[in-house]
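**Q** Here you go, input_12.tsv (TSV, C-alpha atoms):
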chain	number	residue	atom	x	y	z
A	18	MET	CA	0.00	0.00	0.00
A	19	ALA	CA	2.70	2.43	1.03
A	20	PHE	CA	4.56	1.53	-2.14
A	21	GLU	CA	1.86	2.83	-4.48
A	22	GLN	CA	1.33	5.94	-2.39
A	23	GLU	CA	5.01	6.75	-2.49
A	24	LEU	CA	4.97	6.26	-6.24
A	25	LEU	CA	1.99	8.55	-6.50
A	26	ALA	CA	3.83	11.24	-4.54
A	27	LEU	CA	6.82	10.80	-6.81
A	28	LEU	CA	4.80	11.03	-10.01
A	29	PRO	CA	5.06	14.80	-10.63
A	30	ARG	CA	8.85	14.63	-10.48
A	31	LEU	CA	8.94	11.49	-12.57
A	32	ARG	CA	6.86	13.21	-15.24
A	33	ARG	CA	9.24	16.13	-15.26
A	34	PHE	CA	12.19	13.78	-15.63
A	35	ALA	CA	10.48	11.95	-18.50
A	36	ARG	CA	9.62	15.26	-20.14
A	37	GLY	CA	13.27	16.22	-20.04
A	38	LEU	CA	14.26	12.94	-21.65
A	39	THR	CA	11.63	12.69	-24.37
A	40	HIS	CA	10.62	16.36	-24.75
A	41	HIS	CA	7.17	15.39	-26.02
A	42	PRO	CA	4.44	15.36	-23.34
A	43	ALA	CA	2.57	12.31	-24.66
A	44	ASP	CA	5.79	10.33	-25.09
A	45	ALA	CA	6.85	11.36	-21.61
A	46	ASP	CA	3.63	10.03	-20.10
A	47	ASP	CA	3.94	6.83	-22.13
A	48	LEU	CA	7.38	6.44	-20.62
A	49	CYS	CA	6.02	7.05	-17.11
A	50	GLN	CA	3.27	4.53	-17.71
A	51	ALA	CA	5.74	1.86	-18.80
A	52	ALA	CA	7.94	2.67	-15.82
A	53	ILE	CA	5.07	2.44	-13.33
A	54	GLU	CA	3.94	-0.86	-14.80
A	55	ARG	CA	7.43	-2.26	-14.57
A	56	ALA	CA	7.81	-0.96	-11.02
A	57	LEU	CA	4.55	-2.58	-9.93
A	58	LYS	CA	5.65	-5.85	-11.50
A	59	SER	CA	9.07	-5.82	-9.92
A	60	ARG	CA	8.21	-4.19	-6.60
A	61	ASP	CA	9.84	-7.11	-4.82
A	62	GLN	CA	13.17	-5.88	-6.12
A	63	TRP	CA	12.84	-2.58	-4.32
A	64	GLN	CA	14.26	-2.74	-0.83
A	65	GLU	CA	12.27	-0.82	1.70
A	66	GLY	CA	14.39	1.79	3.37
A	67	THR	CA	16.31	2.53	0.19
A	68	ARG	CA	15.39	5.51	-1.94
A	69	LEU	CA	12.37	4.84	-4.08
A	70	ASP	CA	13.02	7.90	-6.23
A	71	SER	CA	16.46	6.71	-7.39
A	72	TRP	CA	15.04	3.27	-8.10
A	73	MET	CA	12.16	4.71	-10.14
A	74	TYR	CA	14.41	7.12	-12.02
A	75	ARG	CA	16.67	4.24	-12.90
A	76	ILE	CA	13.76	2.12	-14.18
A	77	THR	CA	12.45	5.04	-16.20
A	78	ARG	CA	15.82	5.85	-17.65
A	79	ASN	CA	16.52	2.22	-18.54
A	80	ILE	CA	13.22	1.84	-20.39
A	81	TRP	CA	13.91	5.06	-22.25
A	82	ILE	CA	17.46	4.15	-23.20
A	83	ASP	CA	16.48	0.60	-24.23
A	84	ASN	CA	13.84	2.01	-26.48
A	85	ARG	CA	16.17	4.63	-27.94
A	86	ARG	CA	18.72	1.94	-28.72
A	87	ALA	CA	16.14	-0.36	-30.23
A	88	THR	CA	14.80	2.50	-32.31
A	89	ALA	CA	18.26	3.41	-33.52
A	90	ARG	CA	19.04	-0.21	-34.37
A	91	ARG	CA	15.88	-0.86	-36.32
A	92	GLY	CA	15.27	2.60	-37.60
A	93	VAL	CA	11.62	2.17	-36.66
A	94	HIS	CA	9.33	2.35	-33.67
A	95	SER	CA	9.66	-0.38	-31.17
A	96	ASP	CA	7.22	-1.52	-28.56
A	97	ILE	CA	8.22	-1.72	-24.97
A	98	ASP	CA	6.28	-3.50	-22.27
A	99	ASP	CA	3.50	-4.98	-24.35
A	100	GLY	CA	3.22	-2.06	-26.67
A	101	VAL	CA	2.40	0.38	-23.94
A	102	MET	CA	5.07	2.74	-24.95
A	103	GLN	CA	6.21	4.16	-28.20
A	104	ILE	CA	8.64	6.96	-28.36
A	105	ALA	CA	7.83	8.48	-31.67
A	106	ASP	CA	10.80	9.14	-33.79
A	107	ASP	CA	9.41	9.17	-37.30
A	108	SER	CA	9.61	12.28	-39.33
A	109	HIS	CA	5.94	13.15	-39.07
A	110	ARG	CA	5.98	13.19	-35.31
A	111	ARG	CA	9.27	15.02	-35.32
A	112	MET	CA	7.85	17.67	-37.56
A	113	GLU	CA	4.72	17.97	-35.48
A	114	ALA	CA	6.81	18.11	-32.35
A	115	SER	CA	9.19	20.71	-33.68
A	116	LEU	CA	6.28	23.08	-34.23
A	117	GLU	CA	5.34	22.85	-30.58
A	118	LEU	CA	8.76	22.78	-29.05
A	119	ASN	CA	10.43	25.91	-27.85
A	120	ASP	CA	14.14	26.67	-27.91
A	121	VAL	CA	14.96	24.81	-24.73
A	122	ASP	CA	13.17	21.67	-25.93
A	123	LYS	CA	14.87	21.84	-29.29
A	124	ALA	CA	18.31	22.34	-27.80
A	125	MET	CA	17.71	19.44	-25.39
A	126	ALA	CA	16.47	17.25	-28.22
A	127	ARG	CA	19.69	17.80	-30.14
A	128	LEU	CA	21.86	16.58	-27.28
A	129	PRO	CA	23.15	13.02	-27.49
A	130	ASP	CA	21.15	10.78	-25.15
A	131	GLU	CA	23.94	10.29	-22.64
A	132	GLN	CA	24.46	14.04	-22.30
A	133	ARG	CA	20.76	14.75	-22.10
A	134	GLU	CA	20.12	12.31	-19.26
A	135	ALA	CA	23.06	13.71	-17.31
A	136	VAL	CA	21.84	17.29	-17.82
A	137	VAL	CA	18.27	16.45	-16.80
A	138	LEU	CA	19.27	14.56	-13.67
A	139	VAL	CA	21.64	17.22	-12.37
A	140	LEU	CA	20.37	20.53	-13.73
A	141	VAL	CA	16.63	19.86	-13.75
A	142	GLU	CA	16.11	17.21	-11.10
A	143	GLY	CA	18.83	18.56	-8.84
A	144	TYR	CA	20.61	15.30	-8.09
A	145	ALA	CA	24.11	15.37	-6.72
A	146	TYR	CA	26.76	14.02	-9.08
A	147	LYS	CA	27.14	10.86	-7.02
A	148	GLU	CA	23.40	10.15	-7.01
A	149	ALA	CA	23.02	10.89	-10.72
A	150	ALA	CA	25.98	8.64	-11.53
A	151	ALA	CA	24.40	5.84	-9.49
A	152	ILE	CA	21.08	6.19	-11.33
A	153	LEU	CA	22.90	6.01	-14.67
A	154	ASP	CA	25.23	3.28	-13.43
A	155	VAL	CA	28.36	5.10	-14.57
A	156	PRO	CA	31.40	6.42	-12.66
A	157	VAL	CA	31.16	10.01	-11.42
A	158	GLY	CA	33.93	11.06	-13.82
A	159	THR	CA	31.92	9.80	-16.77
A	160	LEU	CA	28.86	11.67	-15.57
A	161	THR	CA	30.72	14.95	-15.13
A	162	SER	CA	32.37	14.82	-18.54
A	163	ARG	CA	29.00	14.17	-20.21
A	164	LEU	CA	27.51	16.95	-18.15
A	165	VAL	CA	30.20	19.39	-19.23
A	166	ARG	CA	29.77	18.57	-22.91
A	167	GLY	CA	26.00	18.81	-22.65
A	168	ARG	CA	26.14	22.16	-20.92
A	169	GLU	CA	28.57	23.58	-23.43
A	170	ALA	CA	26.25	22.62	-26.27
A	171	LEU	CA	23.22	24.10	-24.50
A	172	ILE	CA	24.96	27.37	-23.68
A	173	ARG	CA	26.07	27.57	-27.31
A	174	GLU	CA	22.53	26.98	-28.57
A	175	LEU	CA	20.54	28.94	-26.07
A	176	GLY	CA	22.78	31.94	-26.03
A	177	GLU	CA	24.85	33.26	-23.26
A	178	ALA	CA	23.65	34.99	-20.16
A	179	ALA	CA	25.06	38.39	-21.00
B	2	MET	CA	44.94	30.49	-11.89
B	3	THR	CA	42.68	28.97	-14.51
B	4	PHE	CA	39.71	26.70	-13.98
B	5	ASP	CA	38.44	24.17	-16.49
B	6	ARG	CA	34.78	23.83	-17.52
B	7	ALA	CA	34.23	20.86	-15.22
B	8	THR	CA	35.45	22.84	-12.22
B	9	ILE	CA	33.31	25.84	-13.13
B	10	ALA	CA	30.28	23.57	-13.57
B	11	ALA	CA	30.97	21.86	-10.26
B	12	PHE	CA	31.22	25.24	-8.61
B	13	VAL	CA	27.79	26.24	-9.91
B	14	ASP	CA	26.37	22.84	-8.94
B	15	GLY	CA	27.74	23.12	-5.41
B	16	GLU	CA	29.91	20.06	-5.94
B	17	LEU	CA	33.29	21.66	-5.51
B	18	ASP	CA	35.39	21.00	-2.43
B	19	LEU	CA	35.50	23.96	-0.08
B	20	LEU	CA	39.11	24.93	-0.72
B	21	THR	CA	38.79	25.02	-4.50
B	22	ALA	CA	35.47	26.83	-4.23
B	23	LYS	CA	37.11	29.56	-2.15
B	24	ARG	CA	39.91	29.90	-4.66
B	25	LEU	CA	37.45	30.16	-7.51
B	26	GLU	CA	35.36	32.75	-5.69
B	27	LYS	CA	38.45	34.83	-5.18
B	28	ALA	CA	39.44	34.53	-8.82
B	29	LEU	CA	35.96	35.69	-9.88
B	30	GLU	CA	36.75	39.15	-8.59
B	31	ILE	CA	39.61	39.66	-10.99
B	32	ASP	CA	38.89	37.29	-13.88
B	33	ALA	CA	36.09	38.66	-16.10
B	34	ALA	CA	36.11	35.63	-18.40
B	35	LEU	CA	35.70	33.32	-15.45
B	36	ALA	CA	32.89	35.47	-14.07
B	37	LYS	CA	31.16	35.33	-17.44
B	38	ALA	CA	31.51	31.54	-17.59
B	39	VAL	CA	30.00	31.17	-14.12
B	40	GLU	CA	27.18	33.51	-15.05
B	41	ASP	CA	26.44	31.49	-18.21
B	42	GLU	CA	26.29	28.29	-16.20
B	43	ARG	CA	23.97	29.81	-13.63
B	44	ALA	CA	21.73	31.23	-16.34
B	45	LEU	CA	21.50	27.80	-17.99
B	46	ARG	CA	20.64	26.12	-14.71
B	47	SER	CA	17.86	28.54	-13.99
B	48	LYS	CA	16.59	28.48	-17.57
B	49	LEU	CA	16.27	24.69	-17.52
B	50	ALA	CA	14.78	24.64	-14.05
B	51	SER	CA	12.14	27.22	-14.89
B	52	HIS	CA	11.38	25.57	-18.22
B	53	PHE	CA	10.53	22.22	-16.65
B	54	ALA	CA	9.13	23.48	-13.34
B	55	PRO	CA	5.51	23.83	-14.57
B	56	VAL	CA	5.34	20.06	-15.17
B	57	ILE	CA	5.31	19.59	-11.39
B	58	ASP	CA	2.03	21.48	-11.06
B	59	GLU	CA	0.26	19.86	-13.99
B	60	ALA	CA	-2.75	17.69	-13.21
B	61	LEU	CA	-1.65	14.06	-13.20
B	62	PRO	CA	-3.07	12.11	-16.14
B	63	ASP	CA	-5.74	9.62	-15.12
B	64	ARG	CA	-4.07	6.79	-16.96
B	65	LEU	CA	-1.05	7.10	-14.67
B	66	THR	CA	-2.85	7.55	-11.37
B	67	ALA	CA	-5.32	4.82	-12.33
B	68	LEU	CA	-2.48	2.30	-12.53
B	69	LEU	CA	-1.54	3.06	-8.97
B	70	THR	CA	-5.00	3.43	-7.47
B	71	ALA	CA	-6.07	0.18	-9.14
B	72	SER	CA	-3.04	-1.50	-7.67
B	73	ILE	CA	-3.88	-0.13	-4.23
B	74	ALA	CA	-7.51	-1.21	-4.58
B	75	GLU	CA	-6.65	-4.71	-5.63
B	76	ASN	CA	-3.78	-4.94	-3.22
B	77	VAL	CA	-2.68	-8.02	-5.05
B	78	ASP	CA	0.50	-9.28	-6.54
B	79	ASP	CA	0.48	-7.86	-10.03
B	80	SER	CA	2.49	-10.59	-11.69
B	81	LEU	CA	0.88	-12.25	-14.66
B	82	GLY	CA	1.87	-15.72	-13.51
B	83	ARG	CA	0.09	-15.26	-10.21
B	84	ARG	CA	-3.06	-13.99	-11.91
B	85	ARG	CA	-3.02	-17.01	-14.25
B	86	MET	CA	-2.74	-19.36	-11.33
B	87	GLU	CA	-5.62	-17.64	-9.60
B	88	ARG	CA	-7.74	-17.97	-12.72
B	89	LYS	CA	-6.90	-21.63	-13.01
B	90	ALA	CA	-7.79	-22.17	-9.38
B	91	ALA	CA	-11.07	-20.36	-9.95
B	92	MET	CA	-11.82	-22.65	-12.86
B	93	ARG	CA	-11.51	-25.68	-10.62
B	94	ARG	CA	-14.12	-24.45	-8.16
B	95	PRO	CA	-17.55	-26.11	-8.39
B	96	ALA	CA	-19.63	-24.75	-11.22
B	97	LEU	CA	-22.41	-23.60	-8.94
B	98	VAL	CA	-20.10	-21.34	-6.95
B	99	GLN	CA	-18.84	-19.82	-10.16
B	100	TRP	CA	-22.32	-19.14	-11.38
B	101	GLY	CA	-23.23	-17.51	-8.10
B	102	ALA	CA	-20.23	-15.27	-8.18
B	103	MET	CA	-20.70	-14.40	-11.81
B	104	ALA	CA	-24.39	-13.70	-11.49
B	105	ALA	CA	-23.64	-11.37	-8.62
B	106	SER	CA	-20.73	-9.58	-10.16
B	107	LEU	CA	-21.87	-9.34	-13.73
B	108	ALA	CA	-25.58	-8.81	-13.13
B	109	LEU	CA	-26.57	-11.47	-15.61
B	110	GLY	CA	-30.23	-10.70	-15.30
B	111	LEU	CA	-31.09	-14.34	-15.74
B	112	MET	CA	-32.95	-16.61	-13.42
B	113	ILE	CA	-31.53	-20.05	-13.07
B	114	GLY	CA	-34.08	-22.75	-13.74
B	115	GLY	CA	-37.49	-22.26	-15.23
B	116	TYR	CA	-38.95	-20.17	-17.99
B	117	ALA	CA	-37.32	-16.83	-17.03
B	118	LEU	CA	-34.25	-17.99	-18.88
B	119	ASN	CA	-35.84	-17.08	-22.15
B	120	ARG	CA	-35.10	-13.41	-21.59
B	121	ASP	CA	-32.11	-13.34	-23.88
B	122	GLY	CA	-34.13	-14.06	-26.98
B	123	GLY	CA	-34.10	-17.75	-26.18
B	124	TYR	CA	-30.31	-18.06	-26.18
B	125	VAL	CA	-30.18	-19.81	-22.83
B	126	SER	CA	-32.08	-22.66	-21.26
B	127	ASP	CA	-31.79	-24.81	-18.21
B	128	ASN	CA	-30.77	-28.41	-18.55
B	129	LYS	CA	-30.96	-30.15	-15.15
B	130	GLY	CA	-29.53	-27.14	-13.35
B	131	GLN	CA	-26.87	-26.53	-15.96
B	132	MET	CA	-27.21	-23.44	-18.14
B	133	VAL	CA	-26.91	-24.37	-21.78
B	134	ALA	CA	-27.18	-22.54	-25.08
B	135	SER	CA	-30.48	-22.90	-26.89
B	136	GLY	CA	-32.18	-21.65	-29.99
B	137	ALA	CA	-30.17	-19.37	-32.25
B	138	LEU	CA	-27.15	-19.41	-29.94
B	139	SER	CA	-27.02	-23.19	-29.93
B	140	ASP	CA	-27.38	-23.22	-33.73
B	141	ALA	CA	-24.62	-20.65	-34.18
B	142	LEU	CA	-22.29	-22.60	-31.90
B	143	ASP	CA	-23.05	-25.79	-33.84
B	144	THR	CA	-22.76	-24.46	-37.36
B	145	GLN	CA	-21.10	-21.04	-37.56
B	146	LEU	CA	-17.41	-20.93	-38.46
B	147	ALA	CA	-15.35	-17.91	-37.41
B	148	ALA	CA	-13.69	-17.77	-40.79
B	149	THR	CA	-16.85	-17.75	-42.87
B	150	GLN	CA	-19.52	-16.16	-40.68
B	151	SER	CA	-21.29	-13.22	-42.25
B	152	GLY	CA	-20.57	-9.74	-40.96
B	153	ASP	CA	-24.15	-9.10	-39.90
B	154	SER	CA	-24.68	-12.31	-37.93
B	155	LYS	CA	-26.57	-11.63	-34.72
B	156	ILE	CA	-24.16	-13.92	-32.94
B	157	ARG	CA	-20.45	-13.68	-33.62
B	158	ILE	CA	-18.16	-16.61	-32.94
B	159	GLY	CA	-14.73	-15.64	-31.66
B	160	THR	CA	-12.17	-18.28	-30.77
B	161	SER	CA	-12.64	-22.03	-30.76
B	162	PHE	CA	-10.33	-24.18	-28.70
B	163	ALA	CA	-9.85	-27.49	-26.93
B	164	SER	CA	-10.12	-26.97	-23.19
B	165	ILE	CA	-8.02	-28.46	-20.43
B	166	SER	CA	-11.12	-30.24	-19.13
B	167	GLY	CA	-11.27	-32.17	-22.40
B	168	ASP	CA	-14.06	-30.60	-24.45
B	169	TYR	CA	-14.28	-28.09	-27.26
B	170	CYS	CA	-15.21	-24.55	-26.35
B	171	ARG	CA	-16.07	-21.42	-28.33
B	172	THR	CA	-16.30	-17.77	-27.37
B	173	PHE	CA	-19.26	-15.80	-28.67
B	174	GLU	CA	-20.66	-12.29	-28.69
B	175	SER	CA	-24.16	-11.03	-29.24
B	176	ALA	CA	-26.22	-7.96	-28.43
B	177	THR	CA	-27.54	-9.50	-25.23
B	178	LEU	CA	-24.95	-12.01	-24.13
B	179	ASP	CA	-21.23	-12.67	-24.52
B	180	GLY	CA	-19.58	-15.76	-23.21
B	181	ILE	CA	-17.74	-19.04	-23.52
B	182	ALA	CA	-19.66	-22.23	-24.28
B	183	CYS	CA	-18.25	-25.74	-24.15
B	184	ASN	CA	-19.71	-28.78	-25.86
B	185	ALA	CA	-20.44	-31.57	-23.39
B	186	ASP	CA	-23.13	-34.23	-23.14
B	187	GLY	CA	-24.57	-33.10	-26.45
B	188	ALA	CA	-25.18	-29.50	-25.41
B	189	TRP	CA	-23.31	-26.20	-25.28
B	190	GLN	CA	-22.79	-25.53	-21.61
B	191	LEU	CA	-22.24	-21.88	-20.72
B	192	ARG	CA	-19.08	-21.60	-18.70
B	193	GLN	CA	-18.57	-17.85	-18.67
B	194	THR	CA	-21.00	-15.13	-19.62
B	195	VAL	CA	-21.26	-11.37	-19.57
B	196	SER	CA	-24.66	-9.84	-20.13
B	197	GLY	CA	-24.92	-7.92	-23.36
B	198	GLU	CA	-25.85	-4.68	-21.68
B	199	LYS	CA	-22.67	-4.68	-19.65
B	200	ALA	CA	-20.70	-6.06	-22.51
B	201	ALA	CA	-21.78	-3.24	-24.79
B	202	GLN	CA	-20.96	-0.67	-22.18
B	203	TYR	CA	-17.59	-2.14	-21.42
B	204	ARG	CA	-16.97	-3.86	-24.71
B	205	GLN	CA	-13.24	-3.79	-24.50
B	206	ALA	CA	-13.05	-4.83	-20.87
B	207	SER	CA	-15.50	-7.68	-21.32
B	208	ALA	CA	-13.78	-8.91	-24.47
B	209	GLY	CA	-10.49	-8.77	-22.59
B	210	ALA	CA	-11.94	-10.62	-19.60
B	211	LEU	CA	-13.43	-13.32	-21.82
B	212	ALA	CA	-10.21	-13.65	-23.80
B	213	GLU	CA	-8.30	-14.06	-20.55
B	214	ALA	CA	-10.79	-16.58	-19.26
B	215	ALA	CA	-10.54	-18.47	-22.55
B	216	ALA	CA	-6.75	-18.40	-22.37
B	217	ALA	CA	-6.89	-19.90	-18.88
B	218	MET	CA	-9.19	-22.71	-20.08
B	219	MET	CA	-7.26	-23.48	-23.23
B	220	ALA	CA	-5.17	-26.62	-23.77
B	221	GLY	CA	-2.68	-25.61	-26.43
B	222	ASP	CA	-3.45	-23.10	-29.15
B	223	PRO	CA	-6.81	-21.94	-30.48
B	224	LEU	CA	-8.11	-23.90	-33.46
B	225	ASP	CA	-7.22	-22.51	-36.85
B	226	ALA	CA	-9.83	-22.33	-39.62
B	227	ALA	CA	-9.14	-25.85	-40.94
B	228	GLN	CA	-9.19	-27.41	-37.48
B	229	GLU	CA	-12.36	-25.54	-36.60
B	230	LYS	CA	-14.04	-26.97	-39.70
B	231	ALA	CA	-12.79	-30.51	-39.00
B	232	VAL	CA	-13.99	-30.44	-35.39
B	233	GLN	CA	-17.35	-29.08	-36.50
B	234	ASP	CA	-17.66	-31.98	-38.95
B	235	ARG	CA	-17.16	-34.34	-36.02
B	236	GLY	CA	-19.99	-32.63	-34.13
B	237	TRP	CA	-17.69	-30.83	-31.64
B	238	LYS	CA	-16.96	-34.11	-29.85
B	239	ARG	CA	-13.51	-35.06	-28.56
Now, as a test, write the supplied structure out as structure tokens.
**A**
Amino acid sequence: MAFEQELLALLPRLRRFARGLTHHPADADDLCQAAIERALKSRDQWQEGTRLDSWMYRITRNIWIDNRRATARRGVHSDIDDGVMQIADDSHRRMEASLELNDVDKAMARLPDEQREAVVLVLVEGYAYKEAAAILDVPVGTLTSRLVRGREALIRELGEAA
Amino acid sequence: MTFDRATIAAFVDGELDLLTAKRLEKALEIDAALAKAVEDERALRSKLASHFAPVIDEALPDRLTALLTASIAENVDDSLGRRRMERKAAMRRPALVQWGAMAASLALGLMIGGYALNRDGGYVSDNKGQMVASGALSDALDTQLAATQSGDSKIRIGTSFASISGDYCRTFESATLDGIACNADGAWQLRQTVSGEKAAQYRQASAGALAEAAAAMMAGDPLDAAQEKAVQDRGWKR
């Protein structure tokens, strides 16, 4: 019982995280849906007393990255978790999306996946380097170098402060 | 003293060790380029944060909260394997108990035994306490093939399959009644039904529930068109 309620409380943040990764609201909610379903199925793997948010972020990120890789490999949509989730990547959806996206979304969308996830976790979600690295299952040094490259690209695209 | 991008970023992120942070702060006062770089990083951080912040206050989509509230309500293990086992266990319960539970939960609107059974256009009758298909439903189950049935048939046959209890069963849909019927003792016994009213209202849910129930009853795969025809030719007997 507590498990679902904690997930419910986490949902606004999880949606924001997914929005940062997929930059399309419907895709982001598809991703959240797939993540929640997987979390409910594998709730036994979560150890009470450990941070549910990190666990959920990791599930969400893994579904997203798996799907991105599958999409890149096949060059087409791929279904994840019984077809619940499709991250649209065909040209029509891209075109439609690009009309709705603002500069920040567009700049984020152009980042390589591994830079985008690092940027979202640290700059949007506010995780410490160590926590973000743990979610992504990479060493802290790897995280920070991706973060630096991602930030440089964003500052270049979005203009400088002054 | 120069600082690389990673150090500047770490400074802005509050990840720098205290000593280096102090040194950088000091350098800011005299190094305009460094000050500019720090300002750019801060501006980016706040731009991203404010861009995504509104998501937090958005109303949560029902489809997401429903997953969780349903899980709370059921308070059951969500694994598919467990649900299958529960269905199989349910199938082994005495038929009467099943009928009671189904009549209660699905509001069949039928009375067991007697003439009231004719409500569904004569699709159902009572055979020694066992509900069996009659009239047009019985005919459709006997003769209609899924592959060749006409689009405007009042009764639609779905899947035909051999059941684990050793008889042939078929799923059907109609305006008043959906269900699974199995051929035994020369009649089509109704094993699962959903009243048409409910079925129409919750068409997808009821079709899904019947498909799941059929899957739990099934021994092997559903019959293909040729097998369906061959079994029909044998009078649906094993």
**Q** Atom CA of A:Val137 to atom CA of A:Gly37: how many Å, to one decimal?
**A**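 Atom-to-atom, atom CA of A:Val137 and atom CA of A:Gly37 are spaced 6.0 Å apart.
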**Q** How close does chain B get to chain A? List, as CSV, each residue of chain B within 6 Å, its nearest atom pair and the distance in Å to one decimal, counting all atoms listed in the file.
**A**
residue,atom,partner,partner_atom,distance
B:Ala7,CA,A:Val165,CA,5.9
B:Asp41,CA,A:Ala178,CA,4.9
B:Ala44,CA,A:Ala178,CA,5.7
B:Arg46,CA,A:Leu140,CA,5.7
B:Ala50,CA,A:Val141,CA,5.1
B:Val56,CA,A:Arg33,CA,5.5
B:Ile57,CA,A:Pro29,CA,4.9
B:Leu65,CA,A:Gln50,CA,5.9
B:Leu69,CA,A:Glu21,CA,5.6
B:Ile73,CA,A:Met18,CA,5.7
B:Asp79,CA,A:Lys58,CA,5.7
B:Ser80,CA,A:Lys58,CA,5.7
**Q** Expressed in Å to a single decimal, how great is the separation between atom CA of B:Lys155 and atom CA of B:Leu178?
**A** 10.7 Å
**Q** For atom CA of B:Ala212 and atom CA of B:Thr194, quote the distance in Å rounded to one decimal.
**A** 11.7 Å
**Q** Quick one: residues within 6 Å of (-21.3, -12.1, -30.1) (file frame), counting all atoms listed in the file, please, as an mmCIF file with C-alpha atoms, keeping the file's coordinate frame.
**A**
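And here is the file that came out, result05.cif:
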data_model
loop_
_atom_site.group_PDB
_atom_site.id
_atom_site.type_symbol
_atom_site.label_atom_id
_atom_site.label_comp_id
_atom_site.auth_asym_id
_atom_site.auth_seq_id
_atom_site.Cartn_x
_atom_site.Cartn_y
_atom_site.Cartn_z
ATOM 1 C CA ILE B 156 -24.160 -13.920 -32.940
ATOM 2 C CA ARG B 157 -20.450 -13.680 -33.620
ATOM 3 C CA PHE B 173 -19.260 -15.800 -28.670
ATOM 4 C CA GLU B 174 -20.660 -12.290 -28.690
ATOM 5 C CA SER B 175 -24.160 -11.030 -29.240
ATOM 6 C CA ASP B 179 -21.230 -12.670 -24.520
#
**Q** Neighbouring residues of B:Ile158 were defined as those with any atom within 10 Å, considering all atoms listed in the file; residues of the same chain fewer than 2 positions away were excluded. Please report them as a ChimeraX atom specification.
**A** /B:138,141-142,145-148,150,154-156,160-161,171-175,179-181
**Q** Distance cut-off 8 Å, centre (-4.4, -27.5, -22.1) in file coordinates, counting all atoms listed in the file: which residues qualify? Return them as a short mmCIF file (atom, residue, chain, number, x, y, z; two decimals) with C-alpha atoms, keeping the file's coordinate frame.
**A**
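Printed below is out-v4.cif as written:
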data_model
loop_
_atom_site.label_atom_id
_atom_site.label_comp_id
_atom_site.auth_asym_id
_atom_site.auth_seq_id
_atom_site.Cartn_x
_atom_site.Cartn_y
_atom_site.Cartn_z
CA ALA B 163 -9.85 -27.49 -26.93
CA SER B 164 -10.12 -26.97 -23.19
CA ILE B 165 -8.02 -28.46 -20.43
CA SER B 166 -11.12 -30.24 -19.13
CA MET B 218 -9.19 -22.71 -20.08
CA MET B 219 -7.26 -23.48 -23.23
CA ALA B 220 -5.17 -26.62 -23.77
CA GLY B 221 -2.68 -25.61 -26.43
#
**Q** Pick from B:Asp5, B:Asp63, B:Ala182, B:Ser72: nearest to B:Val195, with all atoms listed in the file counted?
**A**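 Result for the nearest residue to B:Val195: B:Ala182.
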**Q** I want to know what sits within 10 Å of A:Arg75, based on only C-alpha atoms, with residues of the same chain fewer than 2 positions away left out; could you give that as an MDAnalysis selection string?
**A** chainID A and resid 52 69:73 77:81 149 151:154
**Q** With C-alpha atoms retained, export the selected residues as a compact mmCIF listing (two decimals), keeping the file's coordinate frame.
**A**
# COMPACT_ATOMS: atom_id res chain seq x y z
CA ALA A 52 7.94 2.67 -15.82
CA LEU A 69 12.37 4.84 -4.08
CA ASP A 70 13.02 7.90 -6.23
CA SER A 71 16.46 6.71 -7.39
CA TRP A 72 15.04 3.27 -8.10
CA MET A 73 12.16 4.71 -10.14
CA THR A 77 12.45 5.04 -16.20
CA ARG A 78 15.82 5.85 -17.65
CA ASN A 79 16.52 2.22 -18.54
CA ILE A 80 13.22 1.84 -20.39
CA TRP A 81 13.91 5.06 -22.25
CA ALA A 149 23.02 10.89 -10.72
CA ALA A 151 24.40 5.84 -9.49
CA ILE A 152 21.08 6.19 -11.33
CA LEU A 153 22.90 6.01 -14.67
CA ASP A 154 25.23 3.28 -13.43
**Q** Taking only C-alpha atoms, show stretch 29-47 of chain B of the given structure as a compact mmCIF listing (two decimals), in the first residue's frame.
**A**
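Writing the result to selection-v6.txt gives the following:
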# COMPACT_ATOMS: atom_id res chain seq x y z
CA LEU B 29 35.96 35.69 -9.88
CA GLU B 30 36.75 39.15 -8.59
CA ILE B 31 39.61 39.66 -10.99
CA ASP B 32 38.89 37.29 -13.88
CA ALA B 33 36.09 38.66 -16.10
CA ALA B 34 36.11 35.63 -18.40
CA LEU B 35 35.70 33.32 -15.45
CA ALA B 36 32.89 35.47 -14.07
CA LYS B 37 31.16 35.33 -17.44
CA ALA B 38 31.51 31.54 -17.59
CA VAL B 39 30.00 31.17 -14.12
CA GLU B 40 27.18 33.51 -15.05
CA ASP B 41 26.44 31.49 -18.21
CA GLU B 42 26.29 28.29 -16.20
CA ARG B 43 23.97 29.81 -13.63
CA ALA B 44 21.73 31.23 -16.34
CA LEU B 45 21.50 27.80 -17.99
CA ARG B 46 20.64 26.12 -14.71
CA SER B 47 17.86 28.54 -13.99
